[in-house]
file entry-v9.cif (mmCIF, C-alpha atoms)
data_protein
loop_
_atom_site.label_atom_id
_atom_site.label_comp_id
_atom_site.auth_asym_id
_atom_site.auth_seq_id
_atom_site.Cartn_x
_atom_site.Cartn_y
_atom_site.Cartn_z
CA MET A 1 4.62 2.02 -6.32
CA GLU A 2 3.42 2.90 -9.78
CA HIS A 3 -0.22 3.55 -10.47
CA GLY A 4 -0.49 0.64 -12.86
CA GLU A 5 0.29 -1.80 -10.08
CA ALA A 6 -2.07 -0.20 -7.59
CA GLN A 7 -5.00 -2.40 -8.57
CA HIS A 8 -3.05 -5.50 -7.57
CA GLN A 9 -1.70 -4.15 -4.33
CA VAL A 10 -2.32 -6.68 -1.61
CA ILE A 11 -3.24 -5.28 1.78
CA GLY A 12 -2.35 -7.12 4.97
CA TYR A 13 -5.03 -9.05 6.85
CA GLY A 14 -3.94 -7.26 10.03
CA THR A 15 -4.87 -3.84 8.63
CA TYR A 16 -8.44 -5.01 8.01
CA VAL A 17 -8.78 -6.50 11.49
CA LEU A 18 -7.53 -3.25 13.05
CA VAL A 19 -10.04 -1.21 11.02
CA TRP A 20 -12.82 -3.60 12.11
CA LEU A 21 -11.82 -3.18 15.77
CA GLY A 22 -11.88 0.59 15.28
CA LEU A 23 -15.39 0.33 13.82
CA LEU A 24 -16.56 -1.72 16.82
CA VAL A 25 -15.09 0.84 19.24
CA PHE A 26 -16.93 3.63 17.40
CA THR A 27 -20.17 1.62 17.57
CA GLY A 28 -19.77 1.18 21.33
CA LEU A 29 -19.01 4.87 21.68
CA THR A 30 -22.07 5.97 19.72
CA VAL A 31 -24.38 3.70 21.78
CA ALA A 32 -22.84 5.04 25.00
CA LEU A 33 -23.09 8.68 23.88
CA ALA A 34 -26.75 8.27 22.96
CA GLY A 35 -27.49 7.50 26.62
CA PHE A 36 -26.57 11.04 27.68
CA HIS A 37 -29.48 12.84 25.95
CA TRP A 38 -27.67 16.04 25.05
CA GLY A 39 -30.37 17.07 22.60
CA LYS A 40 -28.98 18.79 19.50
CA LEU A 41 -25.42 18.01 20.56
CA SER A 42 -26.10 14.27 20.71
CA VAL A 43 -27.56 14.34 17.18
CA PHE A 44 -24.41 16.08 16.02
CA SER A 45 -22.02 13.72 17.83
CA VAL A 46 -23.84 10.60 16.59
CA ILE A 47 -23.70 11.79 12.97
CA LEU A 48 -20.05 12.73 13.37
CA ILE A 49 -19.23 9.21 14.57
CA ALA A 50 -21.23 7.69 11.70
CA ALA A 51 -19.21 9.84 9.28
CA ALA A 52 -15.96 8.68 10.88
CA LYS A 53 -17.05 5.04 10.59
CA SER A 54 -18.02 5.49 6.93
CA SER A 55 -14.65 7.09 6.23
CA LEU A 56 -12.89 4.06 7.68
CA VAL A 57 -14.96 1.73 5.48
CA LEU A 58 -14.44 3.87 2.37
CA TYR A 59 -10.75 4.40 2.94
CA PHE A 60 -9.63 0.89 3.90
CA PHE A 61 -12.33 -1.69 3.11
CA MET A 62 -13.28 -0.05 -0.17
CA HIS A 63 -9.59 0.52 -1.00
CA LEU A 64 -9.85 4.26 -1.64
CA LYS A 65 -6.51 4.65 0.14
CA TYR A 66 -4.87 2.43 -2.43
CA GLU A 67 -6.75 3.54 -5.56
CA ARG A 68 -5.60 6.21 -7.95
CA PRO A 69 -6.53 9.82 -7.03
CA LEU A 70 -9.36 9.85 -9.62
CA PHE A 71 -11.49 7.60 -7.40
CA ARG A 72 -10.97 9.70 -4.28
CA THR A 73 -11.83 12.86 -6.23
CA LEU A 74 -15.04 11.36 -7.59
CA VAL A 75 -16.18 10.15 -4.16
CA LEU A 76 -15.43 13.59 -2.72
CA VAL A 77 -17.45 15.30 -5.48
CA ALA A 78 -20.40 12.95 -4.85
CA ILE A 79 -20.35 13.56 -1.09
CA LEU A 80 -19.99 17.33 -1.54
CA THR A 81 -22.95 17.35 -3.95
CA LEU A 82 -25.08 15.55 -1.38
CA THR A 83 -23.91 18.03 1.28
CA VAL A 84 -24.96 20.94 -0.92
CA PHE A 85 -28.42 19.38 -1.34
CA ILE A 86 -28.78 18.93 2.41
CA ALA A 87 -27.51 22.44 3.21
CA LEU A 88 -29.79 24.12 0.66
CA THR A 89 -32.82 22.17 1.92
CA PHE A 90 -32.10 23.23 5.49
CA VAL A 91 -31.67 26.86 4.50
CA ASP A 92 -35.17 26.59 3.01
CA VAL A 93 -36.70 24.71 5.96
CA SER A 94 -35.26 26.89 8.72
CA TYR A 95 -36.41 30.25 7.24
CA ARG A 96 -39.97 29.28 6.50
CA MET B 1 12.22 -27.52 -45.98
CA GLU B 2 11.38 -25.90 -42.66
CA ASP B 3 9.10 -22.96 -42.81
CA SER B 4 8.12 -20.81 -39.88
CA ILE B 5 4.82 -19.16 -39.16
CA SER B 6 3.96 -17.14 -36.11
CA LEU B 7 0.84 -17.46 -34.02
CA THR B 8 -0.50 -14.37 -32.29
CA LEU B 9 -2.38 -14.62 -29.07
CA GLY B 10 -5.75 -12.90 -29.30
CA LYS B 11 -5.95 -10.43 -26.43
CA LYS B 12 -9.02 -10.64 -24.26
CA HIS B 13 -10.33 -7.21 -23.55
CA SER B 14 -9.97 -6.38 -19.88
CA ASP B 15 -10.20 -3.00 -18.21
CA VAL B 16 -9.85 -3.19 -14.45
CA ILE B 17 -9.95 0.57 -13.86
CA GLY B 18 -13.00 0.98 -16.11
CA ALA B 19 -14.86 -1.84 -14.39
CA LYS B 20 -14.23 -0.38 -10.95
CA LEU B 21 -15.08 3.11 -12.13
CA GLY B 22 -18.40 1.82 -13.45
CA MET B 23 -19.13 0.21 -10.10
CA TRP B 24 -18.36 3.42 -8.23
CA LEU B 25 -20.60 5.47 -10.54
CA PHE B 26 -23.41 3.00 -9.79
CA LEU B 27 -22.70 3.33 -6.07
CA PHE B 28 -23.10 7.13 -6.39
CA THR B 29 -26.62 6.63 -7.72
CA GLU B 30 -27.31 4.47 -4.67
CA LEU B 31 -25.86 7.18 -2.45
CA PHE B 32 -28.31 9.73 -3.88
CA LEU B 33 -31.22 7.30 -3.66
CA PHE B 34 -30.67 6.92 0.08
CA GLY B 35 -29.51 10.55 0.35
CA GLY B 36 -32.96 11.69 -0.72
CA ALA B 37 -34.58 9.54 1.95
CA PHE B 38 -32.15 10.85 4.59
CA LEU B 39 -33.03 14.38 3.55
CA LEU B 40 -36.72 13.61 4.04
CA TYR B 41 -35.93 12.15 7.48
CA ALA B 42 -33.91 15.23 8.46
CA THR B 43 -36.57 17.75 7.45
CA TYR B 44 -39.44 15.86 9.10
CA ARG B 45 -37.34 15.33 12.19
CA SER B 46 -36.73 19.07 12.50
CA SER B 47 -40.51 19.70 12.22
CA TYR B 48 -41.63 16.93 14.61
CA VAL B 49 -38.89 16.72 17.24
CA GLU B 50 -41.16 15.42 20.02
CA ASP B 51 -42.91 12.75 17.93
CA PHE B 52 -39.63 11.43 16.50
CA HIS B 53 -38.23 11.30 20.02
CA ASN B 54 -41.18 9.26 21.32
CA ALA B 55 -41.29 6.90 18.34
CA ALA B 56 -37.55 6.19 18.52
CA LEU B 57 -37.98 5.10 22.14
CA GLU B 58 -39.95 2.09 20.84
CA MET B 59 -36.93 0.80 18.93
CA ASN B 60 -34.93 -2.13 20.23
CA VAL B 61 -31.44 -0.64 20.58
CA LEU B 62 -29.85 -3.98 21.42
CA LEU B 63 -31.16 -5.61 18.23
CA GLY B 64 -30.04 -2.61 16.21
CA ALA B 65 -26.59 -2.74 17.78
CA ILE B 66 -26.29 -6.49 17.12
CA ASN B 67 -27.21 -5.92 13.48
CA THR B 68 -24.62 -3.14 13.27
CA ILE B 69 -21.93 -5.49 14.58
CA ILE B 70 -23.10 -8.21 12.17
CA LEU B 71 -22.81 -5.93 9.14
CA LEU B 72 -19.47 -4.45 10.22
CA THR B 73 -18.09 -7.96 10.69
CA SER B 74 -19.43 -9.05 7.30
CA SER B 75 -17.61 -6.07 5.78
CA LEU B 76 -14.43 -7.36 7.39
CA THR B 77 -14.93 -10.90 6.10
CA ILE B 78 -15.60 -9.79 2.52
CA ALA B 79 -12.45 -7.62 2.63
CA LEU B 80 -10.50 -10.63 3.95
CA SER B 81 -12.04 -12.81 1.24
CA ILE B 82 -10.75 -10.44 -1.47
CA ALA B 83 -7.32 -10.25 0.17
CA ALA B 84 -7.14 -14.06 0.28
CA LEU B 85 -8.13 -14.45 -3.38
CA GLN B 86 -5.51 -11.87 -4.38
CA ARG B 87 -2.93 -14.02 -2.60
CA GLY B 88 -4.18 -17.08 -4.49
CA ASN B 89 -5.61 -18.66 -1.35
CA LYS B 90 -8.88 -19.83 -2.83
CA LYS B 91 -9.98 -21.94 0.11
CA ALA B 92 -9.58 -19.14 2.66
CA SER B 93 -11.34 -16.77 0.28
CA LEU B 94 -14.35 -19.06 -0.08
CA ILE B 95 -14.55 -19.68 3.69
CA SER B 96 -14.49 -15.95 4.36
CA LEU B 97 -17.08 -15.36 1.64
CA SER B 98 -19.33 -18.04 3.18
CA ILE B 99 -19.11 -16.33 6.57
CA THR B 100 -20.11 -13.06 4.86
CA LEU B 101 -23.18 -14.76 3.35
CA LEU B 102 -24.15 -16.26 6.73
CA LEU B 103 -23.79 -12.90 8.48
CA GLY B 104 -25.93 -11.26 5.81
CA LEU B 105 -28.61 -13.90 6.37
CA GLY B 106 -28.33 -13.35 10.12
CA PHE B 107 -28.96 -9.65 9.61
CA LEU B 108 -32.14 -10.42 7.65
CA VAL B 109 -33.36 -12.88 10.32
CA ASN B 110 -32.95 -10.18 12.97
CA LYS B 111 -34.79 -7.73 10.74
CA TYR B 112 -37.59 -10.25 10.34
CA PHE B 113 -38.06 -10.51 14.10
CA GLU B 114 -37.82 -6.75 14.51
CA TRP B 115 -40.43 -5.97 11.86
CA GLY B 116 -42.57 -8.86 13.08
CA HIS B 117 -42.59 -7.38 16.57
CA HIS B 118 -43.67 -3.93 15.31
CA ILE B 119 -46.33 -5.41 13.05
CA SER B 120 -47.73 -7.57 15.87
CA LEU B 121 -48.14 -4.36 17.91
CA GLY B 122 -50.15 -2.90 15.03
CA VAL B 123 -47.43 -0.46 14.02
CA TYR B 124 -47.23 -0.60 10.27
CA PRO B 125 -48.27 1.70 7.42
CA ASN B 126 -52.05 2.10 7.13
CA SER B 127 -52.75 -0.17 10.12
CA PRO B 128 -56.07 0.34 11.99
CA GLN B 129 -54.13 1.75 14.95
CA MET B 130 -52.18 4.30 12.95
CA PRO B 131 -54.78 7.11 13.23
CA ASN B 132 -54.25 7.07 17.03
CA TYR B 133 -50.63 8.12 16.58
CA ASN B 134 -49.40 11.70 16.21
CA LYS B 135 -48.58 12.89 12.71
CA GLY B 136 -44.82 12.93 13.39
CA GLU B 137 -44.90 9.37 14.70
CA VAL B 138 -46.76 8.19 11.60
CA LEU B 139 -44.09 9.89 9.48
CA TYR B 140 -41.34 8.32 11.58
CA TYR B 141 -42.71 4.81 11.10
CA GLY B 142 -43.31 5.46 7.40
CA LEU B 143 -39.69 6.47 6.99
CA TYR B 144 -38.56 3.60 9.21
CA TYR B 145 -40.28 0.99 7.03
CA THR B 146 -39.26 2.66 3.77
CA MET B 147 -35.61 3.14 4.62
CA THR B 148 -34.90 -0.10 6.50
CA GLY B 149 -37.01 -1.93 3.88
CA LEU B 150 -35.03 -0.43 1.02
CA HIS B 151 -31.85 -1.23 2.89
CA GLY B 152 -33.02 -4.81 3.53
CA LEU B 153 -33.71 -5.16 -0.19
CA HIS B 154 -30.12 -4.10 -0.83
CA VAL B 155 -28.89 -6.72 1.63
CA ILE B 156 -30.87 -9.38 -0.29
CA ILE B 157 -29.47 -8.18 -3.64
CA GLY B 158 -25.97 -8.06 -2.14
CA LEU B 159 -26.32 -11.65 -0.93
CA ALA B 160 -27.52 -12.74 -4.39
CA VAL B 161 -24.57 -11.02 -6.10
CA LEU B 162 -22.07 -12.49 -3.63
CA SER B 163 -23.57 -15.96 -4.17
CA VAL B 164 -23.09 -15.64 -7.94
CA VAL B 165 -19.45 -14.63 -7.43
CA PHE B 166 -19.05 -17.58 -5.04
CA TYR B 167 -20.31 -19.85 -7.83
CA PHE B 168 -17.85 -18.33 -10.32
CA ILE B 169 -14.90 -18.88 -7.99
CA VAL B 170 -15.89 -22.49 -7.24
CA LYS B 171 -16.84 -23.43 -10.78
CA ARG B 172 -13.56 -22.43 -12.43
CA PRO B 173 -15.20 -21.41 -15.71
CA ARG B 174 -13.43 -22.40 -18.90
CA THR B 175 -11.63 -19.59 -20.65
CA LYS B 176 -10.84 -19.55 -24.35
CA ILE B 177 -7.47 -18.68 -25.83
CA PHE B 178 -7.53 -17.58 -29.45
CA LEU B 179 -4.47 -18.15 -31.63
CA THR B 180 -4.45 -16.51 -35.04
CA PRO B 181 -1.82 -17.58 -37.61
CA SER B 182 0.00 -14.73 -39.28
CA ASP B 183 -0.28 -16.22 -42.77
CA VAL B 184 -3.04 -18.63 -43.76
CA GLU B 185 -1.64 -19.08 -47.32
CA LYS B 186 1.49 -20.79 -46.00
CA LEU B 187 -0.65 -23.32 -44.16
CA ARG B 188 -2.82 -24.18 -47.13
CA GLY B 189 -2.74 -27.87 -47.90
CA SER B 190 -1.50 -28.80 -44.44
CA GLN B 191 -3.19 -30.36 -41.46
CA LEU B 192 -3.05 -29.38 -37.81
CA SER B 193 -2.27 -32.31 -35.56
CA PHE B 194 -1.22 -33.23 -32.03
CA SER B 195 1.30 -35.97 -31.41
CA SER B 196 2.63 -37.44 -28.21
CA THR B 197 6.34 -37.62 -27.38
CA GLU B 198 6.45 -41.16 -28.81
CA GLY B 199 5.28 -39.79 -32.10
CA ALA B 200 1.82 -41.31 -31.92
CA ASN B 201 -0.78 -39.15 -33.55
CA ARG B 202 -3.38 -38.13 -30.98
CA TRP B 203 -5.57 -35.86 -33.00
CA GLN B 204 -5.68 -34.58 -36.54
CA ALA B 205 -7.77 -31.83 -38.05
CA ALA B 206 -9.21 -31.66 -41.53
CA GLU B 207 -6.99 -30.39 -44.32
CA ILE B 208 -6.80 -26.64 -44.77
CA ASP B 209 -7.95 -26.52 -48.37
CA ASP B 210 -8.83 -23.68 -50.73
CA SER B 211 -12.22 -23.17 -49.11
CA VAL B 212 -10.57 -21.98 -45.88
CA GLU B 213 -10.33 -18.23 -45.78
CA GLN B 214 -9.58 -17.59 -42.16
CA LEU B 215 -7.91 -19.71 -39.57
CA GLU B 216 -8.28 -19.42 -35.85
CA ILE B 217 -7.06 -21.93 -33.32
CA VAL B 218 -9.16 -21.91 -30.14
CA LEU B 219 -7.82 -23.52 -27.00
CA VAL B 220 -10.17 -23.99 -24.08
CA ARG B 221 -8.42 -23.67 -20.76
CA ARG B 222 -9.75 -24.62 -17.38
CA PRO B 223 -7.90 -23.13 -14.40
CA ALA B 224 -6.25 -25.59 -12.05
CA LYS B 225 -8.28 -26.60 -9.01
CA GLU B 226 -6.34 -24.28 -6.75
CA GLY B 227 -6.21 -21.42 -9.24
CA THR B 228 -8.72 -18.79 -10.18
CA ASP B 229 -9.36 -16.62 -13.18
CA PRO B 230 -8.06 -13.08 -12.48
CA ALA B 231 -11.45 -11.83 -13.68
CA ASN B 232 -12.98 -13.45 -10.59
CA ILE B 233 -10.90 -11.22 -8.32
CA LEU B 234 -12.40 -8.20 -10.06
CA LYS B 235 -15.91 -9.64 -9.75
CA LEU B 236 -15.38 -10.24 -6.04
CA GLU B 237 -13.93 -6.74 -5.58
CA ASN B 238 -16.92 -5.06 -7.24
CA ALA B 239 -19.42 -7.22 -5.32
CA GLY B 240 -17.47 -6.28 -2.19
CA LEU B 241 -17.79 -2.56 -2.99
CA TYR B 242 -21.57 -2.97 -3.17
CA TRP B 243 -21.61 -4.86 0.12
CA HIS B 244 -19.55 -2.16 1.84
CA LEU B 245 -21.96 0.52 0.59
CA VAL B 246 -24.85 -1.42 2.13
CA ASP B 247 -22.83 -1.42 5.36
CA ILE B 248 -22.26 2.35 5.17
CA ILE B 249 -25.99 3.03 4.71
CA TRP B 250 -26.69 0.98 7.84
CA ILE B 251 -23.98 2.90 9.74
CA PHE B 252 -26.23 5.96 9.29
CA LEU B 253 -29.60 4.22 9.64
CA PHE B 254 -28.73 2.70 13.02
CA PRO B 255 -28.07 5.95 14.96
CA LEU B 256 -30.82 7.92 13.18
CA PHE B 257 -33.62 5.45 13.93
CA TYR B 258 -32.45 3.75 17.12
CA LEU B 259 -30.17 6.08 19.03
CA ILE B 260 -31.28 9.69 18.63
CA THR B 261 -34.11 9.98 21.11
#

call {"tool": "encode", "arguments": {"input": "entry-v9.cif", "output": "structure tokens"}}
result
Amino acid sequence: MEHGEAQHQVIGYGTYVLVWLGLLVFTGLTVALAGFHWGKLSVFSVILIAAAKSSLVLYFFMHLKYERPLFRTLVLVAILTLTVFIALTFVDVSYR
Amino acid sequence: MEDSISLTLGKKHSDVIGAKLGMWLFLFTELFLFGGAFLLYATYRSSYVEDFHNAALEMNVLLGAINTIILLTSSLTIALSIAALQRGNKKASLISLSITLLLGLGFLVNKYFEWGHHISLGVYPNSPQMPNYNKGEVLYYGLYYTMTGLHGLHVIIGLAVLSVVFYFIVKRPRTKIFLTPSDVEKLRGSQLSFSSTEGANRWQAAEIDDSVEQLEIVLVRRPAKEGTDPANILKLENAGLYWHLVDIIWIFLFPLFYLIT
């Protein structure tokens, strides 16, 4: 498919329903995991699941999978910038 | 003598990629707005582990989980609404959009009860009971109200935007088609008219005399009842992007405030 047609690409209803089911499974998983009280590990696992859920929403619901590469690149740059902010702040906080 | 003159269709400016790009750039500003708040949460959490743990125990996990499911489902229905409109199925699109609006309202109702419960217990910023709490707990509740409040505000704005798009799809706004004749001089002295197949004159315009310098024929078109203006699909897509972002923010808010204890 050419890029010019990408904006009109129609995605099947079934794909969306599957993604939604995946999101619900992840939600169940994160609630179940939180019950274990693993301390630092549970914080990490819960954030990891949230990131996976967001990726599903970004990729399918927000059509990043079907958009031209420019959009994916921009989203990646934005997320990386935020990650740099968070990492730098934590470097500061943990060595005080 | 037959003379021919061509009419050119005035192109309406439309830039789908640009419109979506603009929406995404706006969403990035939203990402950094909430990102800053998340950063604040993360640093305070690392300094007051115990207090954050105790305060999070007060949260109603079931209500939080229900709200998560509500928002995830509303993300599905808005995606389905867009898919239906792209297929030209206006009715299905509007039904799905209505469900999205109802789910969004449901989320806010839950939030109302949740906040109401906390406030009735005296847990709110600057309440008389607040000095009895540890510093970390006060910070936790401050962040809780700020972040879920800001998020709730986004839900309200999202609902307003989706309602406007709903109106646009239902209303079938009139669109104008501009026709510009290639040569006005050739038409000078003539009259534009409509006639039926029987030759009866239905409508006749004034004569194009010497005072006319420019000629533009404007046709007003109203989409058929079942049809929709392609611009509405773009409006719905961009409103959908905003709604999905609101969902993503909640995907992070839910575990951070309700689950990590």

call {"tool": "resolve_selection", "arguments": {"input": "entry-v9.cif", "expression": "the PyMOL selection byres ((chain A) within 7 of (chain B))", "output": "number ranges by chain"}}
result
A: 10-11, 13, 16, 20, 24, 31, 34, 43, 46, 50, 54, 61-62, 78, 82, 86

call {"tool": "closest_residue", "arguments": {"input": "entry-v9.cif", "among": "A:Leu88, A:Val93, A:Val75, A:Val17", "to": "Tyr59 (chain A)", "atoms": "only C-alpha atoms"}}
result
A:Val75

call {"tool": "atom_distance", "arguments": {"input": "entry-v9.cif", "atom1": "CA of Val165 (chain B)", "atom2": "CA of Thr15 (chain A)"}}
result
24.2 Å

call {"tool": "atom_distance", "arguments": {"input": "entry-v9.cif", "atom1": "CA of Leu74 (chain A)", "atom2": "CA of Ser55 (chain A)"}}
result
14.5 Å

call {"tool": "atom_distance", "arguments": {"input": "entry-v9.cif", "atom1": "CA of Asp229 (chain B)", "atom2": "CA of Arg172 (chain B)"}}
result
7.2 Å

call {"tool": "closest_residue", "arguments": {"input": "entry-v9.cif", "among": "B:Pro131, B:Leu97, B:Val246, B:Leu121", "to": "Ile156 (chain B)", "atoms": "only C-alpha atoms"}}
result
B:Val246

call {"tool": "residues_around", "arguments": {"input": "entry-v9.cif", "residues": "Asp51 (chain B)", "least_positions_apart": "5", "cutoff": "12 Å", "atoms": "only C-alpha atoms", "output": "list in words"}}
result
Tyr44, Arg45, Ser46, Ala56, Leu57, Glu58, Tyr133, Asn134, Lys135, Gly136, Glu137, Val138, Leu139, Tyr140, Tyr141 and Thr261 of chain B

call {"tool": "closest_residue", "arguments": {"input": "entry-v9.cif", "among": "A:Thr30, A:Leu76, A:Thr83, A:Thr89", "to": "Leu58 (chain A)", "atoms": "only C-alpha atoms"}}
result
A:Leu76

call {"tool": "resolve_selection", "arguments": {"input": "entry-v9.cif", "expression": "the PyMOL selection byres ((chain B and resi 155) around 8)", "output": "PyMOL selection string"}}
result
chain B and resi 104+108+151-154+156-159+243+246

call {"tool": "closest_residue", "arguments": {"input": "entry-v9.cif", "among": "B:Leu9, B:Val123, B:Ile95, B:Ala205", "to": "Ile177 (chain B)", "atoms": "all atoms listed in the file"}}
result
B:Leu9

call {"tool": "axis_aligned_box", "arguments": {"input": "entry-v9.cif", "around": "region 72-78 of chain A", "padding_each_side": "8 Å", "output": "lines of an AutoDock Vina configuration file"}}
result
center_x = -15.7
center_y = 12.5
center_z = -5.2
size_x = 25.4
size_y = 21.6
size_z = 20.9
